[in-house]
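**Student:** Structure: model-v2.cif, mmCIF, C-alpha atoms.
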```
data_query
#
loop_
_atom_site.group_PDB
_atom_site.id
_atom_site.type_symbol
_atom_site.label_atom_id
_atom_site.label_comp_id
_atom_site.auth_asym_id
_atom_site.auth_seq_id
_atom_site.Cartn_x
_atom_site.Cartn_y
_atom_site.Cartn_z
ATOM 1 C CA MET A 1 -30.344 -1.498 -7.758
ATOM 2 C CA LEU A 2 -27.426 -0.742 -5.461
ATOM 3 C CA GLY A 3 -25.238 2.364 -5.461
ATOM 4 C CA TRP A 4 -22.908 4.112 -3.004
ATOM 5 C CA PHE A 5 -20.559 7.088 -3.431
ATOM 6 C CA PRO A 6 -19.909 9.260 -0.339
ATOM 7 C CA GLY A 7 -18.282 12.655 -0.835
ATOM 8 C CA HIS A 8 -14.978 11.643 0.744
ATOM 9 C CA MET A 9 -14.544 9.016 -1.985
ATOM 10 C CA ASN A 10 -14.767 11.681 -4.670
ATOM 11 C CA LYS A 11 -12.054 13.646 -2.859
ATOM 12 C CA ALA A 12 -9.889 10.530 -2.550
ATOM 13 C CA GLN A 13 -10.158 9.936 -6.281
ATOM 14 C CA ARG A 14 -8.804 13.430 -6.999
ATOM 15 C CA GLN A 15 -5.942 12.917 -4.550
ATOM 16 C CA ILE A 16 -4.977 9.665 -6.230
ATOM 17 C CA GLN A 17 -4.993 11.340 -9.621
ATOM 18 C CA GLN A 18 -2.710 14.138 -8.404
ATOM 19 C CA ALA A 19 -0.183 11.754 -6.799
ATOM 20 C CA LEU A 20 0.041 9.192 -9.614
ATOM 21 C CA PRO A 21 2.587 10.936 -11.894
ATOM 22 C CA LYS A 22 5.395 10.259 -9.403
ATOM 23 C CA ILE A 23 4.355 6.669 -8.688
ATOM 24 C CA ASP A 24 6.352 3.752 -10.145
ATOM 25 C CA VAL A 25 4.057 0.822 -9.337
ATOM 26 C CA VAL A 26 0.422 0.524 -8.343
ATOM 27 C CA VAL A 27 -0.578 -2.181 -5.888
ATOM 28 C CA GLU A 28 -4.301 -2.849 -6.108
ATOM 29 C CA VAL A 29 -5.722 -4.868 -3.242
ATOM 30 C CA LEU A 30 -8.664 -7.022 -4.312
ATOM 31 C CA ASP A 31 -10.947 -9.370 -2.437
ATOM 32 C CA ALA A 32 -9.917 -12.868 -3.524
ATOM 33 C CA ARG A 33 -13.555 -13.955 -3.269
ATOM 34 C CA LEU A 34 -14.576 -11.418 -5.957
ATOM 35 C CA PRO A 35 -11.498 -10.174 -7.852
ATOM 36 C CA TYR A 36 -13.481 -8.701 -10.739
ATOM 37 C CA SER A 37 -16.213 -7.021 -8.732
ATOM 38 C CA SER A 38 -13.763 -5.579 -6.193
ATOM 39 C CA ALA A 39 -11.653 -3.911 -8.912
ATOM 40 C CA ASN A 40 -12.640 -0.260 -9.263
ATOM 41 C CA PRO A 41 -12.948 0.565 -13.002
ATOM 42 C CA MET A 42 -12.206 4.243 -12.298
ATOM 43 C CA LEU A 43 -8.881 3.257 -10.730
ATOM 44 C CA ALA A 44 -8.149 1.052 -13.733
ATOM 45 C CA GLN A 45 -8.559 4.079 -15.979
ATOM 46 C CA LEU A 46 -6.381 6.306 -13.804
ATOM 47 C CA THR A 47 -3.585 3.729 -13.568
ATOM 48 C CA ARG A 48 -3.693 2.384 -17.117
ATOM 49 C CA HIS A 49 -0.131 3.584 -17.890
ATOM 50 C CA LYS A 50 1.379 2.116 -14.713
ATOM 51 C CA PRO A 51 2.586 -1.401 -13.923
ATOM 52 C CA VAL A 52 0.166 -3.042 -11.522
ATOM 53 C CA LEU A 53 0.519 -5.708 -8.856
ATOM 54 C CA LYS A 54 -2.853 -7.289 -8.062
ATOM 55 C CA LEU A 55 -2.953 -8.597 -4.491
ATOM 56 C CA LEU A 56 -5.784 -11.045 -3.882
ATOM 57 C CA SER A 57 -6.469 -10.414 -0.216
ATOM 58 C CA ARG A 58 -8.366 -12.795 2.082
ATOM 59 C CA ALA A 59 -7.084 -15.754 0.108
ATOM 60 C CA ASP A 60 -7.642 -17.858 3.213
ATOM 61 C CA LEU A 61 -11.408 -17.334 2.774
ATOM 62 C CA ALA A 62 -11.486 -17.945 -0.982
ATOM 63 C CA ASP A 63 -11.665 -21.160 -2.986
ATOM 64 C CA PRO A 64 -7.986 -21.979 -3.718
ATOM 65 C CA ILE A 65 -8.730 -23.445 -7.152
ATOM 66 C CA ALA A 66 -10.631 -20.319 -8.156
ATOM 67 C CA THR A 67 -7.862 -18.111 -6.742
ATOM 68 C CA GLN A 68 -5.292 -19.831 -8.938
ATOM 69 C CA GLN A 69 -7.512 -19.239 -11.959
ATOM 70 C CA TRP A 70 -7.644 -15.539 -11.118
ATOM 71 C CA CYS A 71 -3.862 -15.320 -10.648
ATOM 72 C CA ASP A 72 -3.341 -16.988 -14.030
ATOM 73 C CA HIS A 73 -5.821 -14.545 -15.588
ATOM 74 C CA PHE A 74 -4.052 -11.457 -14.208
ATOM 75 C CA ASN A 75 -0.538 -12.765 -14.888
ATOM 76 C CA ALA A 76 -1.485 -13.166 -18.545
ATOM 77 C CA GLN A 77 -2.135 -9.401 -18.817
ATOM 78 C CA PRO A 78 0.683 -7.079 -19.956
ATOM 79 C CA ASN A 79 2.562 -5.144 -17.280
ATOM 80 C CA MET A 80 0.668 -6.936 -14.517
ATOM 81 C CA ARG A 81 1.421 -9.505 -11.827
ATOM 82 C CA ALA A 82 -0.795 -11.177 -9.251
ATOM 83 C CA LEU A 83 -0.223 -12.632 -5.801
ATOM 84 C CA ALA A 84 -2.715 -14.280 -3.438
ATOM 85 C CA ILE A 85 -2.200 -13.306 0.194
ATOM 86 C CA THR A 86 -3.636 -13.240 3.671
ATOM 87 C CA THR A 87 -2.745 -9.776 4.934
ATOM 88 C CA THR A 88 -2.100 -11.024 8.479
ATOM 89 C CA ASN A 89 0.420 -13.631 7.289
ATOM 90 C CA ALA A 90 3.876 -12.000 7.275
ATOM 91 C CA ARG A 91 5.427 -14.829 5.256
ATOM 92 C CA GLU A 92 2.974 -14.317 2.396
ATOM 93 C CA LEU A 93 3.815 -10.599 2.270
ATOM 94 C CA LYS A 94 7.563 -11.084 1.715
ATOM 95 C CA PRO A 95 7.454 -11.413 -2.124
ATOM 96 C CA ILE A 96 5.644 -8.078 -2.531
ATOM 97 C CA ALA A 97 8.712 -5.806 -2.396
ATOM 98 C CA LYS A 98 10.566 -7.933 -4.948
ATOM 99 C CA LEU A 99 7.586 -8.000 -7.299
ATOM 100 C CA CYS A 100 7.256 -4.207 -7.052
ATOM 101 C CA ARG A 101 10.937 -3.736 -7.972
ATOM 102 C CA GLU A 102 10.564 -6.064 -10.943
ATOM 103 C CA LEU A 103 7.505 -4.221 -12.184
ATOM 104 C CA ALA A 104 9.115 -0.797 -11.671
ATOM 105 C CA GLY A 105 12.033 -1.624 -13.951
ATOM 106 C CA HIS A 106 15.093 0.640 -13.830
ATOM 107 C CA ILE A 107 14.966 3.035 -10.876
ATOM 108 C CA ARG A 108 17.794 5.344 -9.797
ATOM 109 C CA ALA A 109 19.845 3.786 -7.020
ATOM 110 C CA ASP A 110 19.511 6.863 -4.808
ATOM 111 C CA ARG A 111 15.735 6.784 -4.460
ATOM 112 C CA ASP A 112 13.000 4.454 -3.286
ATOM 113 C CA VAL A 113 10.597 2.575 -5.499
ATOM 114 C CA ARG A 114 7.392 4.572 -5.135
ATOM 115 C CA VAL A 115 4.380 2.329 -4.672
ATOM 116 C CA MET A 116 0.765 3.398 -4.338
ATOM 117 C CA VAL A 117 -1.596 1.024 -2.528
ATOM 118 C CA MET A 118 -5.211 1.343 -3.539
ATOM 119 C CA GLY A 119 -8.472 -0.545 -3.625
ATOM 120 C CA ILE A 120 -12.097 -0.376 -2.631
ATOM 121 C CA PRO A 121 -13.111 -0.089 1.045
ATOM 122 C CA ASN A 122 -12.677 -2.999 3.427
ATOM 123 C CA VAL A 123 -10.319 -5.195 1.378
ATOM 124 C CA GLY A 124 -7.453 -5.118 3.881
ATOM 125 C CA LYS A 125 -5.216 -2.274 2.660
ATOM 126 C CA SER A 126 -4.430 -0.979 6.145
ATOM 127 C CA THR A 127 -3.660 -4.451 7.491
ATOM 128 C CA LEU A 128 -1.396 -5.005 4.490
ATOM 129 C CA ILE A 129 0.555 -1.799 5.097
ATOM 130 C CA ASN A 130 0.980 -2.551 8.790
ATOM 131 C CA GLY A 131 2.255 -5.998 7.858
ATOM 132 C CA LEU A 132 4.740 -4.631 5.318
ATOM 133 C CA ALA A 133 5.984 -2.007 7.775
ATOM 134 C CA GLY A 134 6.228 -4.482 10.647
ATOM 135 C CA ARG A 135 4.397 -2.087 12.949
ATOM 136 C CA LYS A 136 1.008 -0.437 13.291
ATOM 137 C CA LEU A 137 0.920 2.634 11.065
ATOM 138 C CA ALA A 138 -2.467 2.506 9.375
ATOM 139 C CA LYS A 139 -5.757 2.366 11.232
ATOM 140 C CA VAL A 140 -7.478 -0.993 10.823
ATOM 141 C CA GLY A 141 -11.194 -1.746 11.028
ATOM 142 C CA ASN A 142 -13.687 -4.362 9.919
ATOM 143 C CA GLU A 143 -15.899 -1.880 8.120
ATOM 144 C CA PRO A 144 -15.504 0.239 4.961
ATOM 145 C CA ALA A 145 -13.843 3.651 4.775
ATOM 146 C CA VAL A 146 -11.491 3.411 7.764
ATOM 147 C CA THR A 147 -8.614 5.164 5.956
ATOM 148 C CA LYS A 148 -9.714 8.785 5.373
ATOM 149 C CA ARG A 149 -6.671 10.393 3.728
ATOM 150 C CA GLN A 150 -3.427 9.651 1.890
ATOM 151 C CA GLN A 151 -0.312 8.909 3.881
ATOM 152 C CA ILE A 152 3.246 8.111 2.760
ATOM 153 C CA ILE A 153 5.131 5.362 4.577
ATOM 154 C CA LYS A 154 8.825 4.588 4.032
ATOM 155 C CA LEU A 155 9.849 0.970 4.444
ATOM 156 C CA GLU A 156 13.347 -0.243 5.277
ATOM 157 C CA ASN A 157 13.695 -2.208 2.033
ATOM 158 C CA GLY A 158 13.787 0.762 -0.332
ATOM 159 C CA ILE A 159 10.045 0.956 -0.872
ATOM 160 C CA SER A 160 8.004 4.104 -0.300
ATOM 161 C CA LEU A 161 4.296 3.358 0.110
ATOM 162 C CA THR A 162 1.472 5.786 -0.502
ATOM 163 C CA ASP A 163 -1.686 4.567 1.219
ATOM 164 C CA THR A 164 -5.009 5.815 -0.118
ATOM 165 C CA PRO A 165 -8.599 5.728 1.178
ATOM 166 C CA GLY A 166 -10.861 3.041 -0.210
ATOM 167 C CA VAL A 167 -12.785 4.295 -3.236
ATOM 168 C CA LEU A 168 -15.950 2.927 -4.779
ATOM 169 C CA TRP A 169 -17.329 4.292 -8.026
ATOM 170 C CA PRO A 170 -20.474 6.399 -8.533
ATOM 171 C CA LYS A 171 -22.632 3.790 -10.238
ATOM 172 C CA ILE A 172 -22.099 0.044 -10.303
ATOM 173 C CA GLU A 173 -23.390 -0.917 -13.734
ATOM 174 C CA ASP A 174 -23.144 -4.684 -13.262
ATOM 175 C CA GLN A 175 -25.787 -5.505 -10.656
ATOM 176 C CA ALA A 176 -24.343 -8.983 -10.079
ATOM 177 C CA SER A 177 -21.122 -7.240 -9.008
ATOM 178 C CA ALA A 178 -23.076 -4.834 -6.820
ATOM 179 C CA TYR A 179 -24.663 -7.693 -4.901
ATOM 180 C CA ARG A 180 -21.334 -9.486 -4.508
ATOM 181 C CA LEU A 181 -19.769 -6.326 -3.116
ATOM 182 C CA ALA A 182 -22.651 -5.896 -0.695
ATOM 183 C CA ALA A 183 -22.417 -9.519 0.416
ATOM 184 C CA SER A 184 -18.669 -9.216 1.048
ATOM 185 C CA GLY A 185 -19.020 -6.152 3.300
ATOM 186 C CA ALA A 186 -17.465 -3.618 0.920
ATOM 187 C CA ILE A 187 -20.570 -1.418 1.254
ATOM 188 C CA ARG A 188 -21.679 -0.206 4.661
ATOM 189 C CA ASP A 189 -24.437 -2.340 6.144
ATOM 190 C CA THR A 190 -26.476 0.799 6.795
ATOM 191 C CA ALA A 191 -26.755 1.267 3.023
ATOM 192 C CA LEU A 192 -28.052 -2.269 2.394
ATOM 193 C CA ASP A 193 -31.386 -3.987 2.204
ATOM 194 C CA TYR A 194 -30.182 -7.103 4.037
ATOM 195 C CA PRO A 195 -32.899 -9.527 2.836
ATOM 196 C CA ASP A 196 -32.571 -8.345 -0.770
ATOM 197 C CA VAL A 197 -28.799 -8.886 -0.786
ATOM 198 C CA ALA A 198 -29.058 -12.187 1.086
ATOM 199 C CA LYS A 199 -31.666 -13.766 -1.196
ATOM 200 C CA VAL A 200 -29.524 -13.108 -4.280
ATOM 201 C CA THR A 201 -26.376 -14.253 -2.484
ATOM 202 C CA VAL A 202 -27.864 -17.492 -1.185
ATOM 203 C CA ALA A 203 -29.161 -18.336 -4.668
ATOM 204 C CA GLU A 204 -25.654 -17.748 -6.035
ATOM 205 C CA LEU A 205 -24.212 -19.980 -3.330
ATOM 206 C CA ALA A 206 -26.724 -22.675 -4.246
ATOM 207 C CA ARG A 207 -25.409 -22.552 -7.803
ATOM 208 C CA ARG A 208 -21.705 -22.516 -6.974
ATOM 209 C CA TYR A 209 -21.413 -24.349 -3.651
ATOM 210 C CA PRO A 210 -24.566 -26.445 -3.137
ATOM 211 C CA ASP A 211 -22.924 -28.989 -0.830
ATOM 212 C CA ALA A 212 -21.499 -26.328 1.496
ATOM 213 C CA LEU A 213 -24.885 -24.625 1.732
ATOM 214 C CA LYS A 214 -26.703 -27.882 2.438
ATOM 215 C CA ALA A 215 -24.193 -28.938 5.081
ATOM 216 C CA ARG A 216 -24.168 -25.636 6.975
ATOM 217 C CA TYR A 217 -27.927 -25.158 7.159
ATOM 218 C CA LYS A 218 -28.980 -28.823 7.074
ATOM 219 C CA LEU A 219 -30.947 -28.454 3.871
ATOM 220 C CA THR A 220 -32.303 -31.527 2.144
ATOM 221 C CA GLU A 221 -33.038 -29.724 -1.106
ATOM 222 C CA LEU A 222 -32.302 -26.470 -2.863
ATOM 223 C CA PRO A 223 -35.533 -25.048 -4.324
ATOM 224 C CA ILE A 224 -35.416 -24.257 -8.019
ATOM 225 C CA PHE A 225 -36.421 -20.782 -9.181
ATOM 226 C CA ASP A 226 -39.961 -20.770 -10.564
ATOM 227 C CA MET A 227 -39.816 -19.067 -13.941
ATOM 228 C CA VAL A 228 -43.594 -18.561 -13.872
ATOM 229 C CA LYS A 229 -42.990 -15.839 -11.273
ATOM 230 C CA THR A 230 -41.073 -13.640 -13.698
ATOM 231 C CA VAL A 231 -42.843 -10.709 -15.317
ATOM 232 C CA LYS A 232 -43.263 -10.528 -19.100
ATOM 233 C CA GLN A 233 -40.679 -13.210 -19.842
ATOM 234 C CA GLU A 234 -38.765 -12.977 -23.077
ATOM 235 C CA ALA A 235 -38.661 -16.359 -24.760
ATOM 236 C CA GLU A 236 -34.949 -16.352 -25.598
ATOM 237 C CA GLN A 237 -33.772 -14.497 -22.476
ATOM 238 C CA PRO A 238 -35.788 -15.794 -19.526
ATOM 239 C CA GLU A 239 -33.456 -14.088 -17.060
ATOM 240 C CA ILE A 240 -34.547 -10.669 -18.323
ATOM 241 C CA GLU A 241 -37.440 -9.024 -16.485
ATOM 242 C CA VAL A 242 -39.358 -5.946 -17.604
ATOM 243 C CA ASP A 243 -40.815 -3.670 -14.941
ATOM 244 C CA ASP A 244 -44.040 -1.669 -15.125
ATOM 245 C CA ASN A 245 -42.194 1.210 -16.801
ATOM 246 C CA GLY A 246 -40.958 -1.015 -19.610
ATOM 247 C CA LEU A 247 -37.351 -0.993 -18.372
ATOM 248 C CA SER A 248 -35.509 -4.294 -18.630
ATOM 249 C CA TYR A 249 -33.115 -5.618 -16.030
ATOM 250 C CA ILE A 250 -31.395 -8.865 -15.146
ATOM 251 C CA ASP A 251 -33.342 -11.186 -12.857
ATOM 252 C CA LEU A 252 -30.436 -12.493 -10.809
ATOM 253 C CA LEU A 253 -32.454 -15.300 -9.230
ATOM 254 C CA ALA A 254 -33.459 -16.562 -12.654
ATOM 255 C CA ARG A 255 -29.836 -16.460 -13.682
ATOM 256 C CA THR A 256 -28.768 -18.647 -10.755
ATOM 257 C CA GLY A 257 -31.683 -21.028 -11.236
ATOM 258 C CA PHE A 258 -32.438 -21.178 -7.498
ATOM 259 C CA ASP A 259 -35.156 -19.608 -5.370
ATOM 260 C CA GLY A 260 -33.351 -17.265 -2.988
ATOM 261 C CA ASP A 261 -36.555 -16.268 -1.218
ATOM 262 C CA ALA A 262 -37.386 -19.855 -0.304
ATOM 263 C CA LEU A 263 -33.810 -20.588 0.766
ATOM 264 C CA LEU A 264 -33.670 -17.508 2.974
ATOM 265 C CA ASP A 265 -37.008 -18.406 4.514
ATOM 266 C CA THR A 266 -35.707 -21.886 5.377
ATOM 267 C CA ILE A 267 -32.473 -20.557 6.882
ATOM 268 C CA ALA A 268 -34.404 -18.053 9.008
ATOM 269 C CA ARG A 269 -36.656 -20.824 10.342
ATOM 270 C CA LYS A 270 -33.676 -22.991 11.240
ATOM 271 C CA ARG A 271 -31.580 -20.241 12.826
ATOM 272 C CA GLY A 272 -33.779 -18.446 15.330
ATOM 273 C CA GLY A 273 -35.885 -16.447 12.911
ATOM 274 C CA LEU A 274 -39.267 -17.897 13.776
ATOM 275 C CA LYS A 275 -41.437 -15.445 15.741
ATOM 276 C CA ALA A 276 -44.620 -15.959 17.715
ATOM 277 C CA GLY A 277 -47.500 -17.042 15.574
ATOM 278 C CA GLY A 278 -45.205 -18.694 13.057
ATOM 279 C CA VAL A 279 -44.073 -15.397 11.493
ATOM 280 C CA VAL A 280 -40.680 -15.756 9.832
ATOM 281 C CA ASP A 281 -38.063 -13.080 10.521
ATOM 282 C CA ILE A 282 -36.415 -12.899 7.097
ATOM 283 C CA HIS A 283 -34.022 -10.187 8.283
ATOM 284 C CA ARG A 284 -32.678 -12.613 10.882
ATOM 285 C CA GLY A 285 -32.027 -15.216 8.194
ATOM 286 C CA ALA A 286 -30.283 -12.602 6.057
ATOM 287 C CA GLU A 287 -28.010 -11.559 8.919
ATOM 288 C CA VAL A 288 -27.044 -15.156 9.644
ATOM 289 C CA LEU A 289 -26.190 -15.899 6.015
ATOM 290 C CA LEU A 290 -24.194 -12.729 5.284
ATOM 291 C CA HIS A 291 -22.267 -12.761 8.566
ATOM 292 C CA GLU A 292 -21.320 -16.413 8.196
ATOM 293 C CA LEU A 293 -20.281 -15.885 4.585
ATOM 294 C CA ARG A 294 -18.021 -12.969 5.559
ATOM 295 C CA GLN A 295 -16.496 -14.898 8.460
ATOM 296 C CA GLY A 296 -15.694 -17.940 6.336
ATOM 297 C CA VAL A 297 -18.029 -20.203 8.305
ATOM 298 C CA LEU A 298 -19.520 -21.578 5.072
ATOM 299 C CA GLY A 299 -16.064 -22.647 3.908
ATOM 300 C CA ARG A 300 -13.643 -21.257 1.330
ATOM 301 C CA ILE A 301 -15.909 -19.640 -1.218
ATOM 302 C CA THR A 302 -15.349 -17.532 -4.330
ATOM 303 C CA LEU A 303 -18.332 -15.716 -5.815
ATOM 304 C CA GLU A 304 -17.014 -15.269 -9.363
ATOM 305 C CA LEU A 305 -14.545 -16.704 -11.864
ATOM 306 C CA PRO A 306 -12.676 -15.112 -14.800
ATOM 307 C CA GLN A 307 -15.279 -16.509 -17.196
ATOM 308 C CA ASP A 308 -17.937 -14.519 -15.326
ATOM 309 C CA ILE A 309 -16.455 -11.227 -16.533
ATOM 310 C CA PRO A 310 -19.156 -9.767 -18.818
ATOM 311 C CA GLN A 311 -18.209 -10.192 -22.454
ATOM 312 C CA ASP A 312 -19.976 -6.954 -23.313
ATOM 313 C CA GLU A 313 -18.246 -5.104 -20.475
ATOM 314 C CA PRO A 314 -18.473 -1.348 -21.099
ATOM 315 C CA VAL A 315 -15.323 0.556 -21.921
ATOM 316 C CA ARG A 316 -13.583 1.851 -18.820
ATOM 317 C CA PRO A 317 -14.478 5.495 -18.098
ATOM 318 C CA ASP A 318 -12.684 7.788 -20.551
ATOM 319 C CA THR A 319 -13.911 11.070 -19.139
ATOM 320 C CA LEU A 320 -11.223 11.328 -16.484
ATOM 321 C CA PRO A 321 -8.328 13.710 -17.204
ATOM 322 C CA GLU A 322 -5.091 12.192 -18.425
ATOM 323 C CA THR A 323 -2.247 11.837 -15.913
ATOM 324 C CA ASP A 324 1.085 13.390 -16.846
ATOM 325 C CA ASP A 325 3.745 10.720 -16.497
ATOM 326 C CA ASP A 326 6.479 13.119 -17.664
ATOM 327 C CA GLU A 327 6.896 14.347 -14.082
ATOM 328 C CA SER A 328 8.373 11.012 -12.978
ATOM 329 C CA ASP A 329 12.052 11.213 -12.041
ATOM 330 C CA SER A 330 13.091 7.574 -12.413
#
```
Re-express the file's structure as structure tokens.

**Tutor:**
Amino acid sequence: MLGWFPGHMNKAQRQIQQALPKIDVVVEVLDARLPYSSANPMLAQLTRHKPVLKLLSRADLADPIATQQWCDHFNAQPNMRALAITTTNARELKPIAKLCRELAGHIRADRDVRVMVMGIPNVGKSTLINGLAGRKLAKVGNEPAVTKRQQIIKLENGISLTDTPGVLWPKIEDQASAYRLAASGAIRDTALDYPDVAKVTVAELARRYPDALKARYKLTELPIFDMVKTVKQEAEQPEIEVDDNGLSYIDLLARTGFDGDALLDTIARKRGGLKAGGVVDIHRGAEVLLHELRQGVLGRITLELPQDIPQDEPVRPDTLPETDDDESDS
């Protein structure tokens, strides 16, 4: 089970909550490869009374057909629009200001449209803001939690941006989402068990993009998951495992149908992970897979589709205090 919630993220959540009453439009930056998993449910609760523009960042790394499905899904929601972008492409950023004005509705002519940019760590918020401003204002890095505090940036086109630190949530209930986040780089590598994340990820890739996986690592076959290995199988739900304490959990390898352990072993052997005496360095194989996935070497890949959203998804957190929208001066 994966979890990650540093103290500065808790502080950032409070800051967002305090600033929201005066905000006209929320821009949530998502990872186009995992638009559901990279959407913070706590932010969804905080911003539920605000119009939202969903920006699917890193669209150049995602499957374009899947990205269109996600845009259609978000555009069908009330008070919401979606746009797929590459944050380093200035041309793709141009429609954002217009979309924000449309979502904001009637705003007094003598003030800016107030836009808050938010999202989880490492989805490209800082690069986006620098691109919108046309100059370097926000610190950029290729690891989570680069932005540490809120900052307000005025643009020349009548938009006032509030940048916020990336915020994860205390407990990721959906473990499939947790592994996708870990694979994408949204969680610091120091908090990960690389082989554990990689074996689930490679099994998921075998299910969704078998040809890409075979081509990259010169695999002749993709080993099927052996259901005999599962513990105390339930006849009607073979993907459910029960541990020694009687607690049930989803067996993600069983769900994909592919043997992630065997796949990772093969990749390690092929990519410099074979030590003296024939010992396989599984960690080496995990590093190769995750780094190449993040860099787009495996091709344009999306790890989830709208139909993968859990049907029994829990209600968004309702324990957060209400925001007072009466303070807005539109």

**Student:** Could you work out how far atom CA of A:Ala183 lies from atom CA of A:Ala84, giving the answer in Å with one decimal?

**Tutor:**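 That distance, rounded to one decimal, is 20.6 Å.
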
**Student:** Quick one: which residues end up in the PyMOL selection byres ((chain A and resi 95) around 12) for this structure, as a list in words?

**Tutor:**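 Expected selection for the PyMOL selection byres ((chain A and resi 95) around 12) here is Leu53, Leu55, Arg81, Ala82, Leu83, Ala84, Ile85, Asn89, Ala90, Arg91, Glu92, Leu93, Lys94, Ile96, Ala97, Lys98, Leu99, Cys100, Arg101, Glu102, Leu132 and Asn157 of chain A.
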
**Student:** Please report, as AutoDock Vina command-line options, the centre and edge lengths in Å to one decimal of an axis-aligned box covering all listed atoms of stretch 27-31 of chain A with 5 Å per side.

**Tutor:**
```
--center_x -5.8 --center_y -5.8 --center_z -4.3 --size_x 20.4 --size_y 17.2 --size_z 13.7
```

**Student:** Take the PyMOL selection byres ((chain A and resi 224) around 10), apply it to the structure above, and return the hits as a list in words.

**Tutor:**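 Output from the PyMOL selection byres ((chain A and resi 224) around 10), applied to this file: Ala203, Ala206, Glu221, Leu222, Pro223, Phe225, Asp226, Met227, Leu253, Ala254, Thr256, Gly257, Phe258, Asp259, Gly260, Ala262 and Leu263 of chain A.
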
**Student:** Since we have the selection now, will you write its residues out, keeping C-alpha atoms, as a short mmCIF file (atom, residue, chain, number, x, y, z; two decimals), keeping the file's coordinate frame?

**Tutor:**
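Listing of out-v1.cif after writing:
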```cif
data_model
loop_
_atom_site.label_atom_id
_atom_site.label_comp_id
_atom_site.auth_asym_id
_atom_site.auth_seq_id
_atom_site.Cartn_x
_atom_site.Cartn_y
_atom_site.Cartn_z
CA ALA A 203 -29.16 -18.34 -4.67
CA ALA A 206 -26.72 -22.68 -4.25
CA GLU A 221 -33.04 -29.72 -1.11
CA LEU A 222 -32.30 -26.47 -2.86
CA PRO A 223 -35.53 -25.05 -4.32
CA PHE A 225 -36.42 -20.78 -9.18
CA ASP A 226 -39.96 -20.77 -10.56
CA MET A 227 -39.82 -19.07 -13.94
CA LEU A 253 -32.45 -15.30 -9.23
CA ALA A 254 -33.46 -16.56 -12.65
CA THR A 256 -28.77 -18.65 -10.76
CA GLY A 257 -31.68 -21.03 -11.24
CA PHE A 258 -32.44 -21.18 -7.50
CA ASP A 259 -35.16 -19.61 -5.37
CA GLY A 260 -33.35 -17.26 -2.99
CA ALA A 262 -37.39 -19.86 -0.30
CA LEU A 263 -33.81 -20.59 0.77
#
```

**Student:** For atom CA of A:Val297 and atom CA of A:Pro210, determine how far apart the two atoms are, in Å to one decimal place.

**Tutor:**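 Going from atom CA of A:Val297 over to atom CA of A:Pro210 covers 14.6 Å.
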
**Student:** Mind giving me the straight-line distance from atom CA of A:Gly105 to atom CA of A:Gly158 in Å, one decimal?

**Tutor:**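 Taking atom CA of A:Gly105 and atom CA of A:Gly158, their separation equals 13.9 Å.
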
**Student:** Need a file for stretch 22-33 of chain A from that block: N, CA and C atoms, written as a PDB file, in the first residue's frame.

**Tutor:**
```pdb
ATOM      1  N   LYS A  22     -12.120  34.366  -3.228  1.00  0.00           N
ATOM      2  CA  LYS A  22     -11.954  35.466  -4.180  1.00  0.00           C
ATOM      3  C   LYS A  22     -11.543  34.994  -5.579  1.00  0.00           C
ATOM      4  N   ILE A  23     -11.530  33.703  -5.790  1.00  0.00           N
ATOM      5  CA  ILE A  23     -11.122  33.135  -7.070  1.00  0.00           C
ATOM      6  C   ILE A  23     -12.332  32.945  -7.991  1.00  0.00           C
ATOM      7  N   ASP A  24     -12.169  33.298  -9.269  1.00  0.00           N
ATOM      8  CA  ASP A  24     -13.253  33.155 -10.243  1.00  0.00           C
ATOM      9  C   ASP A  24     -13.243  31.792 -10.925  1.00  0.00           C
ATOM     10  N   VAL A  25     -12.055  31.320 -11.278  1.00  0.00           N
ATOM     11  CA  VAL A  25     -11.920  30.073 -12.038  1.00  0.00           C
ATOM     12  C   VAL A  25     -10.757  29.273 -11.475  1.00  0.00           C
ATOM     13  N   VAL A  26     -10.948  27.978 -11.372  1.00  0.00           N
ATOM     14  CA  VAL A  26      -9.875  27.080 -10.960  1.00  0.00           C
ATOM     15  C   VAL A  26      -9.328  26.364 -12.191  1.00  0.00           C
ATOM     16  N   VAL A  27      -8.024  26.404 -12.347  1.00  0.00           N
ATOM     17  CA  VAL A  27      -7.360  25.624 -13.388  1.00  0.00           C
ATOM     18  C   VAL A  27      -6.659  24.466 -12.694  1.00  0.00           C
ATOM     19  N   GLU A  28      -7.104  23.255 -12.976  1.00  0.00           N
ATOM     20  CA  GLU A  28      -6.462  22.082 -12.387  1.00  0.00           C
ATOM     21  C   GLU A  28      -5.606  21.409 -13.451  1.00  0.00           C
ATOM     22  N   VAL A  29      -4.325  21.319 -13.178  1.00  0.00           N
ATOM     23  CA  VAL A  29      -3.395  20.679 -14.101  1.00  0.00           C
ATOM     24  C   VAL A  29      -3.324  19.196 -13.768  1.00  0.00           C
ATOM     25  N   LEU A  30      -3.631  18.368 -14.754  1.00  0.00           N
ATOM     26  CA  LEU A  30      -3.613  16.918 -14.600  1.00  0.00           C
ATOM     27  C   LEU A  30      -2.535  16.320 -15.501  1.00  0.00           C
ATOM     28  N   ASP A  31      -2.133  15.125 -15.199  1.00  0.00           N
ATOM     29  CA  ASP A  31      -1.240  14.378 -16.070  1.00  0.00           C
ATOM     30  C   ASP A  31      -2.102  13.662 -17.100  1.00  0.00           C
ATOM     31  N   ALA A  32      -1.911  13.978 -18.373  1.00  0.00           N
ATOM     32  CA  ALA A  32      -2.751  13.403 -19.423  1.00  0.00           C
ATOM     33  C   ALA A  32      -2.657  11.889 -19.486  1.00  0.00           C
ATOM     34  N   ARG A  33      -1.599  11.318 -18.916  1.00  0.00           N
ATOM     35  CA  ARG A  33      -1.445   9.864 -18.916  1.00  0.00           C
ATOM     36  C   ARG A  33      -2.298   9.199 -17.839  1.00  0.00           C
TER      37      ARG A  33
END
```
